[in-house]
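In what follows, a single structure is set out as structure tokens and then discussed.
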Amino acid sequence: MKKLCIILTLALSLCVAVPAMGRNGIIEVNVLPSTVALVSPMSLGAGVIATGDGYIVTARHVVDGQEYVDVYLNTYEQYRGRVVGYHTECDIAVIKINPLKELIPFHHPDMVPPPDDWNDIANPNQTFIGDAVYAIGHPVGLVWSVTKGIIVAKRMWGDKGIRFFQIDAAINPGNSGGPLVNENGQVIGINVMALPAWGAEDVGIAISVLSFAEEVGMLIEEDEKRLKVIEDVRAYIKGEEPEEKEDPEPIIIRIEQPNGN
């Protein structure tokens with residue numbers, strides 16, 4: 001299994017200055033480049049790059065009902081993202097883009113300590129109530145914003161024991177699907193919702209990586225096999241021997257980054 005790791009309100013500033021946070025600026029330097037913005041006709045959300053060749057994890061409700069969504073890297077490049085599949089119980093989805101270059105997945109090699117896989121990062125024995133956490137996303141169109149809080153509680157719901165973190169970091173529309181990271185810049189969950197009912201404030205929910213890592217890996221493996229079959233069939237029809245081929249060149253629009261950011 002491979003390691004797992006707008007239109008945004010462009011009238012607003014496309015680049016929000018994010019101060020160095022966490023340990024020695026690791027959030028700004030290593031996590032923001034692994035976070036994307038997702039735009040569909042009905043929603044705005046975030047996602048986290050899971051593999052260097054373009055698989056992205058997000059919240060299902062951000063892309064639900066869509067076959068394709070617009071994906072923006074933090075370099076202000078736009079790609080067409082194909083919705084690969086869902087993990088329904090966890091409100092998690094997988095998207096695929098065809099990047100022009102190797103992307104920076106969340107498990108950046110400069111992270112200390114380097115995580116082996118999603119499960120190691122989200123080990124409950126290494127994540128405690130009261131730990132500082134950071135939520136990355138695009139609240140109300142303010143792209144690549146970071147909010148800080150703590151893990152308020154570790155909870156479970158449903159017959160399958162879905163694990164999630166209750167956090168007090170601010171979660172707003174546009175944060176869904178973005179990563180929840182610890183002070184080492186390691187992804188420990190995906191932000192999926194806030195609970196404003198009954199006048200509650202700062203009650204956010206992030207699904208633990210433990211609850212969906214295996215299923216996300218399966219979705220990616222199945223999609224890779226499907227793409228390989230398609231390539232082999234195309235080669236057969238053309239009378240060619242099946243061979244490894246590069247992904248077709250994607251449609252890409254480069255947005256000029258504002259000066260001074």
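Following the order of the structure tokens, first chain is A, next is B, and so on, with residues numbered from 1 inside each chain and ligands from 1 in the order they appear.
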
Distance query stretch 44-57 of chain A at most 7 Å, only C-alpha atoms, self and fewer than 6 positions along chain excluded, as a PDB file with N, CA and C atoms, in the first residue's frame:
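File produced: selection27.pdb:
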ATOM      1  N   LEU A   4       0.288   6.976   2.981  1.00  0.00           N
ATOM      2  CA  LEU A   4      -0.679   8.032   2.940  1.00  0.00           C
ATOM      3  C   LEU A   4      -0.214   9.290   3.689  1.00  0.00           C
ATOM      4  N   CYS A   5      -0.144   9.122   3.773  1.00  0.00           N
ATOM      5  CA  CYS A   5       0.006  10.358   4.134  1.00  0.00           C
ATOM      6  C   CYS A   5      -0.986  10.405   3.693  1.00  0.00           C
ATOM      7  N   SER A  34       1.433  21.438   1.455  1.00  0.00           N
ATOM      8  CA  SER A  34       0.731  20.162   1.292  1.00  0.00           C
ATOM      9  C   SER A  34      -0.775  20.307   1.430  1.00  0.00           C
ATOM     10  N   THR A  35      -1.250  21.539   1.601  1.00  0.00           N
ATOM     11  CA  THR A  35      -2.676  21.806   1.742  1.00  0.00           C
ATOM     12  C   THR A  35      -3.197  22.467   0.477  1.00  0.00           C
ATOM     13  N   VAL A  36      -4.348  22.018  -0.006  1.00  0.00           N
ATOM     14  CA  VAL A  36      -4.929  22.561  -1.231  1.00  0.00           C
ATOM     15  C   VAL A  36      -6.281  23.194  -0.938  1.00  0.00           C
ATOM     16  N   ALA A  37      -6.765  23.962  -1.893  1.00  0.00           N
ATOM     17  CA  ALA A  37      -8.116  24.508  -1.836  1.00  0.00           C
ATOM     18  C   ALA A  37      -8.966  23.819  -2.892  1.00  0.00           C
ATOM     19  N   LEU A  38     -10.202  23.484  -2.541  1.00  0.00           N
ATOM     20  CA  LEU A  38     -11.115  22.776  -3.431  1.00  0.00           C
ATOM     21  C   LEU A  38     -12.363  23.612  -3.652  1.00  0.00           C
ATOM     22  N   ALA A  93     -13.134  11.715   1.454  1.00  0.00           N
ATOM     23  CA  ALA A  93     -13.108  11.446   0.014  1.00  0.00           C
ATOM     24  C   ALA A  93     -11.672  11.534  -0.487  1.00  0.00           C
ATOM     25  N   VAL A  94     -11.432  10.920  -1.642  1.00  0.00           N
ATOM     26  CA  VAL A  94     -10.129  10.965  -2.300  1.00  0.00           C
ATOM     27  C   VAL A  94     -10.299  11.579  -3.677  1.00  0.00           C
ATOM     28  N   ILE A  95      -9.391  12.484  -4.033  1.00  0.00           N
ATOM     29  CA  ILE A  95      -9.398  13.174  -5.319  1.00  0.00           C
ATOM     30  C   ILE A  95      -8.053  12.917  -5.990  1.00  0.00           C
ATOM     31  N   LYS A  96      -8.036  12.954  -7.327  1.00  0.00           N
ATOM     32  CA  LYS A  96      -6.774  12.770  -8.071  1.00  0.00           C
ATOM     33  C   LYS A  96      -6.598  13.913  -9.059  1.00  0.00           C
ATOM     34  N   ILE A  97      -5.408  14.511  -9.050  1.00  0.00           N
ATOM     35  CA  ILE A  97      -5.023  15.454 -10.080  1.00  0.00           C
ATOM     36  C   ILE A  97      -3.789  14.917 -10.782  1.00  0.00           C
ATOM     37  N   ASN A  98      -3.487  15.456 -11.953  1.00  0.00           N
ATOM     38  CA  ASN A  98      -2.288  15.085 -12.692  1.00  0.00           C
ATOM     39  C   ASN A  98      -1.319  16.268 -12.654  1.00  0.00           C
ATOM     40  N   PRO A  99      -0.485  16.328 -11.631  1.00  0.00           N
ATOM     41  CA  PRO A  99       0.383  17.504 -11.466  1.00  0.00           C
ATOM     42  C   PRO A  99       1.510  17.537 -12.492  1.00  0.00           C
ATOM     43  N   GLU A 102       6.327  16.706  -9.173  1.00  0.00           N
ATOM     44  CA  GLU A 102       6.101  15.958  -7.937  1.00  0.00           C
ATOM     45  C   GLU A 102       5.603  16.907  -6.859  1.00  0.00           C
ATOM     46  N   LEU A 103       4.507  16.521  -6.210  1.00  0.00           N
ATOM     47  CA  LEU A 103       3.939  17.352  -5.161  1.00  0.00           C
ATOM     48  C   LEU A 103       4.583  17.027  -3.813  1.00  0.00           C
ATOM     49  N   ILE A 104       4.332  17.883  -2.837  1.00  0.00           N
ATOM     50  CA  ILE A 104       4.848  17.662  -1.484  1.00  0.00           C
ATOM     51  C   ILE A 104       3.735  17.032  -0.660  1.00  0.00           C
ATOM     52  N   PRO A 105       3.796  15.730  -0.401  1.00  0.00           N
ATOM     53  CA  PRO A 105       2.771  15.112   0.441  1.00  0.00           C
ATOM     54  C   PRO A 105       2.937  15.542   1.882  1.00  0.00           C
ATOM     55  N   PHE A 106       1.935  15.257   2.697  1.00  0.00           N
ATOM     56  CA  PHE A 106       1.965  15.746   4.071  1.00  0.00           C
ATOM     57  C   PHE A 106       3.155  15.215   4.857  1.00  0.00           C
ATOM     58  N   GLY A 137      -6.903  25.719   6.544  1.00  0.00           N
ATOM     59  CA  GLY A 137      -8.004  25.728   5.590  1.00  0.00           C
ATOM     60  C   GLY A 137      -8.225  27.115   5.031  1.00  0.00           C
ATOM     61  N   HIS A 138      -9.449  27.350   4.570  1.00  0.00           N
ATOM     62  CA  HIS A 138      -9.768  28.577   3.846  1.00  0.00           C
ATOM     63  C   HIS A 138     -11.073  29.174   4.375  1.00  0.00           C
ATOM     64  N   GLY A 174     -15.198  26.478   4.742  1.00  0.00           N
ATOM     65  CA  GLY A 174     -13.943  26.581   4.018  1.00  0.00           C
ATOM     66  C   GLY A 174     -12.815  25.809   4.680  1.00  0.00           C
ATOM     67  N   ASN A 175     -13.007  25.434   5.948  1.00  0.00           N
ATOM     68  CA  ASN A 175     -12.021  24.608   6.659  1.00  0.00           C
ATOM     69  C   ASN A 175     -12.225  23.120   6.419  1.00  0.00           C
ATOM     70  N   SER A 176     -13.423  22.722   6.044  1.00  0.00           N
ATOM     71  CA  SER A 176     -13.713  21.296   5.905  1.00  0.00           C
ATOM     72  C   SER A 176     -12.766  20.626   4.920  1.00  0.00           C
ATOM     73  N   GLY A 177     -12.240  19.473   5.324  1.00  0.00           N
ATOM     74  CA  GLY A 177     -11.334  18.711   4.476  1.00  0.00           C
ATOM     75  C   GLY A 177      -9.876  19.040   4.680  1.00  0.00           C
ATOM     76  N   GLY A 178      -9.598  20.111   5.421  1.00  0.00           N
ATOM     77  CA  GLY A 178      -8.221  20.497   5.653  1.00  0.00           C
ATOM     78  C   GLY A 178      -7.580  19.680   6.755  1.00  0.00           C
ATOM     79  N   PRO A 179      -6.259  19.708   6.853  1.00  0.00           N
ATOM     80  CA  PRO A 179      -5.565  18.885   7.840  1.00  0.00           C
ATOM     81  C   PRO A 179      -5.596  19.488   9.237  1.00  0.00           C
TER      82      PRO A 179
END

Neighbour list for A:Leu195 as an NGL selection string, cut-off 12 Å, only C-alpha atoms, skip fewer than 2 positions in-chain = :A and (166-168 or 170-173 or 192-193 or 197-206)

May I have the residues from that selection written out with C-alpha atoms, as a PDB file, in the first residue's frame?
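Output saved as again_14.pdb:
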ATOM      1  CA  GLN A 166     -12.905  17.350  19.553  1.00  0.00           C
ATOM      2  CA  ILE A 167     -10.906  20.568  19.195  1.00  0.00           C
ATOM      3  CA  ASP A 168     -11.327  24.225  20.073  1.00  0.00           C
ATOM      4  CA  ALA A 170     -11.712  27.796  15.037  1.00  0.00           C
ATOM      5  CA  ILE A 171     -13.446  25.838  12.253  1.00  0.00           C
ATOM      6  CA  ASN A 172     -15.516  27.796   9.714  1.00  0.00           C
ATOM      7  CA  PRO A 173     -16.962  27.228   6.222  1.00  0.00           C
ATOM      8  CA  VAL A 192     -14.959  17.924   8.999  1.00  0.00           C
ATOM      9  CA  MET A 193     -17.295  20.192  10.949  1.00  0.00           C
ATOM     10  CA  ALA A 197     -25.854  24.348  18.002  1.00  0.00           C
ATOM     11  CA  TRP A 198     -27.173  25.416  21.388  1.00  0.00           C
ATOM     12  CA  GLY A 199     -24.963  28.464  21.303  1.00  0.00           C
ATOM     13  CA  ALA A 200     -21.790  26.395  21.584  1.00  0.00           C
ATOM     14  CA  GLU A 201     -18.514  28.004  20.518  1.00  0.00           C
ATOM     15  CA  ASP A 202     -15.206  26.509  19.436  1.00  0.00           C
ATOM     16  CA  VAL A 203     -16.480  22.934  19.195  1.00  0.00           C
ATOM     17  CA  GLY A 204     -14.782  21.446  16.162  1.00  0.00           C
ATOM     18  CA  ILE A 205     -14.612  17.869  14.915  1.00  0.00           C
ATOM     19  CA  ALA A 206     -11.670  16.247  13.115  1.00  0.00           C
TER      20      ALA A 206
END

query = Looking only at the backbone, which of the residues in stretch 21-111 of chain A does DSSP tag as alpha helix (DSSP H), as a VMD selection string?
reply = chain A and resid 26 60 to 63

request  = List the neighbours of A:Ile150 out to 10 Å using only C-alpha atoms; skip same-chain residues closer than 3 positions along the sequence, and give me the result as a list in words.
outcome  =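 Those residues are Phe128, Ile129, Gly130, Asp131, Ala132, Val133, Tyr134, Ala153, Phe165, Gln166, Ile167, Asp168, Ala169 and Asn182 of chain A.
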
Hey, can you spit out that residue selection with C-alpha atoms as a PDB file, in the first residue's frame?
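Writing done, so here's out39.pdb:
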ATOM      1  CA  PHE A 128      -3.103  13.420  24.201  1.00  0.00           C
ATOM      2  CA  ILE A 129      -5.950  15.577  25.428  1.00  0.00           C
ATOM      3  CA  GLY A 130      -4.536  19.073  25.884  1.00  0.00           C
ATOM      4  CA  ASP A 131      -2.003  18.775  23.046  1.00  0.00           C
ATOM      5  CA  ALA A 132      -1.706  21.867  20.854  1.00  0.00           C
ATOM      6  CA  VAL A 133      -3.078  21.456  17.326  1.00  0.00           C
ATOM      7  CA  TYR A 134      -3.417  23.600  14.207  1.00  0.00           C
ATOM      8  CA  ALA A 153     -11.357  15.253  23.896  1.00  0.00           C
ATOM      9  CA  PHE A 165     -10.881  14.613  17.943  1.00  0.00           C
ATOM     10  CA  GLN A 166     -12.905  17.350  19.553  1.00  0.00           C
ATOM     11  CA  ILE A 167     -10.906  20.568  19.195  1.00  0.00           C
ATOM     12  CA  ASP A 168     -11.327  24.225  20.073  1.00  0.00           C
ATOM     13  CA  ALA A 169      -9.367  25.610  17.103  1.00  0.00           C
ATOM     14  CA  ASN A 182       0.331  18.657  15.729  1.00  0.00           C
TER      15      ASN A 182
END

request  = With a distance cut-off of 9 Å and only C-alpha atoms, select the neighbouring residues of A:Glu215, excluding the residue or stretch itself and same-chain residues fewer than 4 positions from it, and output the selection as a ChimeraX atom specification.
outcome  = /A:86-87,211,219-220

ask   = What is the atom CA of A:Trp157-atom CA of A:Gly65 distance in Å, reported with one decimal?
value = 24.6 Å

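Of the residues listed (A:Arg60, A:Asn30, A:Leu142, A:Thr75), A:Arg60 shows the shortest atom-to-atom separation from A:Cys90; distances use only C-alpha atoms.
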
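Here the DSSP assignment of strand (DSSP E), based on backbone atoms, applies within stretch 123-178 of chain A to Ala132, Val133, Tyr134, Ala135, Ile136, Gly137, Ser145, Val146, Thr147, Lys148, Gly149, Ile150, Ile151, Val152, Ala153, Lys154, Arg155, Met156, Trp157, Ile162, Arg163, Phe164, Phe165, Gln166 and Ile167 of chain A.
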
What would the file look like if the residues just selected were written as a tab-separated table (two decimals), in the first residue's frame with C-alpha atoms?
chain	number	residue	atom	x	y	z
A	132	ALA	CA	-1.71	21.87	20.85
A	133	VAL	CA	-3.08	21.46	17.33
A	134	TYR	CA	-3.42	23.60	14.21
A	135	ALA	CA	-6.25	23.58	11.66
A	136	ILE	CA	-5.38	24.67	8.11
A	137	GLY	CA	-8.00	25.73	5.59
A	145	SER	CA	-5.28	30.35	7.10
A	146	VAL	CA	-4.10	28.66	10.29
A	147	THR	CA	-5.98	28.51	13.60
A	148	LYS	CA	-4.60	27.12	16.82
A	149	GLY	CA	-6.26	25.21	19.66
A	150	ILE	CA	-5.97	22.08	21.71
A	151	ILE	CA	-7.40	18.59	21.67
A	152	VAL	CA	-10.37	18.94	23.99
A	153	ALA	CA	-11.36	15.25	23.90
A	154	LYS	CA	-10.82	12.02	22.00
A	155	ARG	CA	-14.13	10.40	21.13
A	156	MET	CA	-15.74	7.61	19.12
A	157	TRP	CA	-19.08	7.26	17.40
A	162	ILE	CA	-15.06	5.99	14.20
A	163	ARG	CA	-12.41	7.92	16.11
A	164	PHE	CA	-12.43	11.70	16.13
A	165	PHE	CA	-10.88	14.61	17.94
A	166	GLN	CA	-12.91	17.35	19.55
A	167	ILE	CA	-10.91	20.57	19.20

task = For atom CA of A:Gly81 and atom CA of A:Glu28, determine how far apart the two atoms are, in Å to one decimal place.
result =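 Those two atoms sit 24.3 Å apart.
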
inquiry  = Let me make sure I understand: among A:Glu89, A:Val187, A:Val140, A:Glu222, which one has the smallest atom-to-atom distance to A:Gly158 if we use only C-alpha atoms?
reply    = A:Glu89
